[in-house]
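Colleague: Just passing along the structure, written as structure tokens.
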Amino acid sequence: MLVEIGHFALVLALLVAAVQGFVPLLGAAQKSRALMDLARPAALLQLLFITLAFAVFIHAHIVSDFSVLNVFENSSLEKPMLYKVTGAWGSHEGSMMLWVFMLALFGGLVALFGRGLPASLKARTLAIQGLLGFGTLLFILFTSNPFARLYPVPSDGRDLNPLLQDPGLAFHPPFLYFGYVGFSICYAFAIAALIEGRVDAVWARWVRPWALTAWCGLTVGVAMGSWWAYYVLGWGGWWAWDPVENASFMPWLLGTALLHSAAVVEKREALQRWTLLLAIMTFGMSLVGTFLVRSGVLTSVHSFALDPTRGVFILVLIGVVIGGGLVLYAWRAPGLAAGNPFAPVSREGALVFNNLLLAGGMATVFLGTFYPLFAEVWSGVKLSVGPPYFDTTFVPIVVPALAAMTIGPVLAWRRASLATAMRRLVPALIAALATPVLVFLSDRSAPLAALGGIALAAWAMAGVLTDLADRAKIGKLPILVALRRLRGLPRGTWGYAIAHFGVGMLIAGVTVSTAWRSERIETLHPGDTMAIAGRELRFGGVAEGSAANYRFERADIVVSKPGGAAFAVHPERRYYPVAGSSTTNTSITTNGFGDLYLALGDPDGKGGWVVRAYYNPLVPWIWFGAGLAALGGLVSLSDRRGRVRALRTVPAAAPRPAGSD
Amino acid sequence: MRRLGAGAILLLLLVATARLALAFEPSERLADPVLEARARALSKELRCLVCQNESIDESSAPLAHDLRVLVRKRLLAGDSDQQVLHYLVARYGVFVLLDPPFRPLTWALWLGPPLVVLGAGALLLVRARHGWREPAPRPLSAEECACAAALLGERR
């Protein structure tokens, strides 16, 4: 009964989405306030219905209602409660529910917090959001019904894929989808602005917080996915340029560009058209990321043959959203007011440079991901495009962007002098030159690329510190006054500083862990030892046992280091009998500056076990850095919200600044 | 195996079964450390044909094991790295190479990124050179003058 209520709520949500999608658009066109005002209650009602359906769906998973096909296929009685809840979005149908829930959530948030929005802009934005919901709900109801029943009711389910029974993967999809779907609001704002024919600082001030919110979620989602790959897959890597990884990386790259260009629109009323295009394409790439990857057209371990109705539906949906957005853009953008001029060397110029390279990087990832598909279609030749390609093409494109990341924030708006900027950055320049020299002196065999990466990381981190010190006038004013100034810097400035510092840490982590990683793979018998990175590993043997819904083989390894206390670690392999599959559970010991990473391999049948040991220096900085970047976004967001509220109190007839038309 | 499940985590269902064994095994190792290093480097550039998007260095599939042994056999026989790659391409096609070779079919793949970035960059630079001049201050409209006067008056 409850399940039917959930199903029915989904159908009602579809109907509400249809009203939300069409009526306010009509209202805005006819300047009918009553029709426009329908958008807000419709968005909230849609959120209500979808929340109800999603709650019913999760409830069915919690109580293990195997009369629901999806629960039968993805759950079992033995499964721990945490994974009964999070397993709800572990399947195709469940992740679609999560997706449409996020869509309705963002629509509802705009309806709630968008009180100060101009009526027609708000009506149109919510209408576009409603149309997106309409398309997704159609897809769910007609091709991926999560509430399909099963009869006779089986006594137990098939269990969730053990790989998903992991805290990292349990919470990775909500963050990722929060990010993907969050950009739908930017898309809706962009389409609404194109219909209105007006993009200005006020528009950007509304869009930027949403872009920031989505970006923070996406950053955390991508980082969590990479961290999961690192600790679960047993060989110590954290990024493989797999199509599924690329699918989440492409919207991230464009979303990053969008954040920065929206700042230019807000502060200087320039780059409006480019920002609109980015908003359309960022969400477009989010759609490609969620849907195209699962349509099975890409050759990836993740692809599987879905039935063609889904694939065709997905292609039509993506075609309408991206194609429709671009057609509208081509038609309306030329009529938009031109942006304020700026010199090539200026804050705007630096941000254009950053946007060019981020978009170029995105294009590279796109090309590499889809090229095998194109090549096979037009020549029949099967090609592989793997990590070596991306390392050769993507890295040279992003390195200049990363180098410029330090200079941009110290340039003045409109027109700046590079010499002045570099003079302000002298301490950072010294750090960027000294650090690789010191590293080289301690390791003469250091590869040149690694030294370059270290210089770049030092440049980024020291650049942020230099800029902060400069803004607070540390060294020029009495220290207490300067510290007060530092504390008083706007949240937006702190947000940029934290995020850019995080990127610096990420570069350091990527560089050092790639160049100075050590690896030992040996077959060990109980009592054997092996050494790695100055540590001694003593293998004690393997014990077997069983836990909730799996059996395990657990190694006992004692790690000791001269002058340090010895401790035991237990990498293990698990076998899940219901699902019929296995996982490796690595053991990672970290001190924040490096990970000792151990994985248990196969037995050799003669009492020995393969043990893989890696020492990955600075690898935790990759995720610290990504975490800081997301934190910087949040700090920046806390600034913006205050500003938007302040904006509301400004009388509507405030004159626009001179020269803005 | 090394993947992160972006949106499509459920698709991992497929690969779950292949996870027991872990890639490169110590029993395959060559005695000569120089040859072994070359073998490992080559392994990272060769695709495991049955698992897709995984190099034979990381893959646990039996075929990957066979290929790792084959690469080492060729190296022991005195092949250069290029000869080993040719040997494998002759048998399995270019699909086996994770680093796609530069040939007419892949011109767009390799030249696309630099052309896009340099082309767009050049375009922007030309436009910036022509487009930028110090804009003459626009005289204020009467309305704006009144507003400015009101604001200035307020401050005093």
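Ligands are numbered from 1 in the order shown, chains are lettered A, B, ... in the order of the structure tokens, and residues start at 1 in each chain.
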Show me, as a VMD selection string, the residues that have an atom within 9 Å of A:Val410 when counting only C-alpha atoms, minus same-chain residues fewer than 4 positions from it.

Modeller: chain A and resid 347 406 421 to 422 424 to 425 467

Colleague: Okay, now the selection with C-alpha atoms, as a PDB file, in the first residue's frame?

Modeller:
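again_19.pdb, written as the output of this step:
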ATOM      1  CA  ARG A 347      41.752  40.712 -13.231  1.00  0.00           C
ATOM      2  CA  THR A 406      48.369  32.943  -8.145  1.00  0.00           C
ATOM      3  CA  ALA A 421      51.700  42.242  -9.484  1.00  0.00           C
ATOM      4  CA  MET A 422      54.976  40.344  -9.671  1.00  0.00           C
ATOM      5  CA  ARG A 424      53.877  42.057  -4.779  1.00  0.00           C
ATOM      6  CA  LEU A 425      54.483  38.345  -5.266  1.00  0.00           C
ATOM      7  CA  ASP A 467      48.620  38.017  -0.931  1.00  0.00           C
TER       8      ASP A 467
END

Colleague: Please provide the set of residues having any atom within 9 Å of A:Leu12, restricted to only C-alpha atoms, with same-chain residues fewer than 4 positions apart removed, written as number ranges by chain.

Modeller: A: 7-8, 16-17, 46, 49-50

Colleague: Save out the residues we just selected, C-alpha atoms, as an mmCIF file, in the first residue's frame.

Modeller:
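Now in again_6.cif:
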data_model
loop_
_atom_site.group_PDB
_atom_site.id
_atom_site.type_symbol
_atom_site.label_atom_id
_atom_site.label_comp_id
_atom_site.auth_asym_id
_atom_site.auth_seq_id
_atom_site.Cartn_x
_atom_site.Cartn_y
_atom_site.Cartn_z
ATOM 1 C CA HIS A 7 4.359 5.508 -6.897
ATOM 2 C CA PHE A 8 1.283 7.710 -6.987
ATOM 3 C CA VAL A 16 2.818 19.270 -10.879
ATOM 4 C CA ALA A 17 6.075 19.513 -12.831
ATOM 5 C CA GLN A 46 6.763 19.085 -6.362
ATOM 6 C CA PHE A 49 5.599 14.808 -3.580
ATOM 7 C CA ILE A 50 9.092 13.742 -4.581
#

Colleague: Can you work out the spacing between atom CA of A:Leu47 and atom CA of A:Arg33 in Å, to one decimal?

Modeller: 22.4 Å

Colleague: Show me, as a list of chain:residue names, the residues that have an atom within 6 Å of stretch 84-98 of chain A when counting only C-alpha atoms, minus same-chain residues fewer than 3 positions from it.

Modeller: A:Ile58, A:His61, A:Ile62, A:Met81, A:Phe101, A:Ser144, A:Pro146, A:Ala170, B:Leu10

Colleague: Any chance you could export the current selection's N, CA and C atoms as a compact mmCIF listing (two decimals), in the first residue's frame?

Modeller:
# COMPACT_ATOMS: atom_id res chain seq x y z
N ILE A 58 12.95 4.66 0.26
CA ILE A 58 13.99 4.33 1.25
C ILE A 58 13.39 3.43 2.34
N HIS A 61 13.37 -0.07 1.39
CA HIS A 61 14.70 -0.67 1.54
C HIS A 61 14.99 -0.98 3.00
N ILE A 62 14.58 -0.06 3.89
CA ILE A 62 14.89 -0.26 5.32
C ILE A 62 14.17 -1.50 5.85
N MET A 81 22.26 -2.14 8.56
CA MET A 81 21.24 -1.11 8.37
C MET A 81 21.75 0.09 7.57
N PHE A 101 15.16 13.91 -6.82
CA PHE A 101 14.97 14.53 -5.51
C PHE A 101 15.82 15.79 -5.39
N SER A 144 12.26 3.45 -15.78
CA SER A 144 13.03 3.01 -14.61
C SER A 144 12.18 3.07 -13.35
N PRO A 146 10.97 2.72 -9.95
CA PRO A 146 11.58 2.15 -8.75
C PRO A 146 10.59 1.34 -7.91
N ALA A 170 28.89 4.92 -0.07
CA ALA A 170 27.52 5.14 0.39
C ALA A 170 27.17 6.62 0.30
N LEU B 10 26.20 1.70 -9.79
CA LEU B 10 25.62 0.35 -9.89
C LEU B 10 26.32 -0.46 -10.96

Colleague: Using only C-alpha atoms, determine which residues lie at most 6 Å from stretch 93-106 of chain B, disregarding the query and same-chain residues fewer than 6 positions distant; provide the list as a ChimeraX atom specification.

Modeller: /A:382-386,388-389 /B:45-47

Colleague: Between atom CA of A:Asp556 and atom CA of A:Gly541, what distance in Å does the model show, to one decimal?

Modeller: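 Between atom CA of A:Asp556 and atom CA of A:Gly541 the gap works out to 5.7 Å.
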
Colleague: Skipping near chain neighbours, those fewer than 5 positions away, what residues fall within 10 Å of stretch 428-442 of chain A using only C-alpha atoms, listed as number ranges by chain?

Modeller: A: 406, 422-423, 447-448, 450-467

Colleague: Print the selection's residues with C-alpha atoms to a file, as an mmCIF file, in the first residue's frame.

Modeller:
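The resulting file, again.cif, is shown below:
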data_model
loop_
_atom_site.group_PDB
_atom_site.id
_atom_site.type_symbol
_atom_site.label_atom_id
_atom_site.label_comp_id
_atom_site.auth_asym_id
_atom_site.auth_seq_id
_atom_site.Cartn_x
_atom_site.Cartn_y
_atom_site.Cartn_z
ATOM 1 C CA THR A 406 48.369 32.943 -8.145
ATOM 2 C CA MET A 422 54.976 40.344 -9.671
ATOM 3 C CA ARG A 423 56.603 42.804 -7.297
ATOM 4 C CA PRO A 447 62.689 14.020 -12.219
ATOM 5 C CA LEU A 448 62.404 17.457 -13.802
ATOM 6 C CA ALA A 450 58.370 16.572 -10.330
ATOM 7 C CA LEU A 451 60.543 19.606 -9.548
ATOM 8 C CA GLY A 452 58.260 21.665 -11.778
ATOM 9 C CA GLY A 453 55.219 20.376 -9.936
ATOM 10 C CA ILE A 454 56.794 21.261 -6.608
ATOM 11 C CA ALA A 455 57.605 24.758 -7.823
ATOM 12 C CA LEU A 456 53.994 25.151 -8.950
ATOM 13 C CA ALA A 457 52.637 23.950 -5.605
ATOM 14 C CA ALA A 458 54.944 26.235 -3.648
ATOM 15 C CA TRP A 459 54.022 29.134 -5.933
ATOM 16 C CA ALA A 460 50.315 28.527 -5.314
ATOM 17 C CA MET A 461 50.531 28.139 -1.550
ATOM 18 C CA ALA A 462 53.103 30.866 -0.916
ATOM 19 C CA GLY A 463 51.232 33.110 -3.356
ATOM 20 C CA VAL A 464 48.079 32.921 -1.255
ATOM 21 C CA LEU A 465 50.000 33.610 1.964
ATOM 22 C CA THR A 466 51.839 36.530 0.348
ATOM 23 C CA ASP A 467 48.620 38.017 -0.931
#

Colleague: Pick out the closest residue to B:Tyr87 from this set: B:Leu152, B:Leu111, B:Leu125, B:Val71. Count only C-alpha atoms.

Modeller: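 Looking at the shortest contact to B:Tyr87, the residue is B:Val71.
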
Colleague: Rounded to one decimal, what separation in Å do you get between atom CA of A:Ile280 and atom CA of A:Ala34?

Modeller: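 Going from atom CA of A:Ile280 over to atom CA of A:Ala34, I get 28.7 Å.
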
Colleague: Pick out each residue of stretch 119-149 of chain A that DSSP on the backbone tags as alpha helix (DSSP H); I need them as a PyMOL selection string.

Modeller: chain A and resi 119-143

Colleague: So which residues of stretch 14-130 of chain B fall under strand (DSSP E or B) by DSSP, listed as a VMD selection string?

Modeller: chain B and resid 46 to 47 55 97

Colleague: Can those selected residues be exported to a file as a tab-separated table (two decimals), in the first residue's frame so that it contains C-alpha atoms?

Modeller:
chain	number	residue	atom	x	y	z
B	46	LEU	CA	49.12	-1.99	-22.60
B	47	ARG	CA	45.46	-2.54	-22.27
B	55	SER	CA	46.29	-1.73	-18.08
B	97	LEU	CA	47.78	0.42	-26.80

Colleague: Write out as a PyMOL selection string each polymer residue whose atoms come within 9 Å of B:Val50, counting only C-alpha atoms; drop sequence neighbours fewer than 4 positions from it.

Modeller: chain B and resi 61+63-64
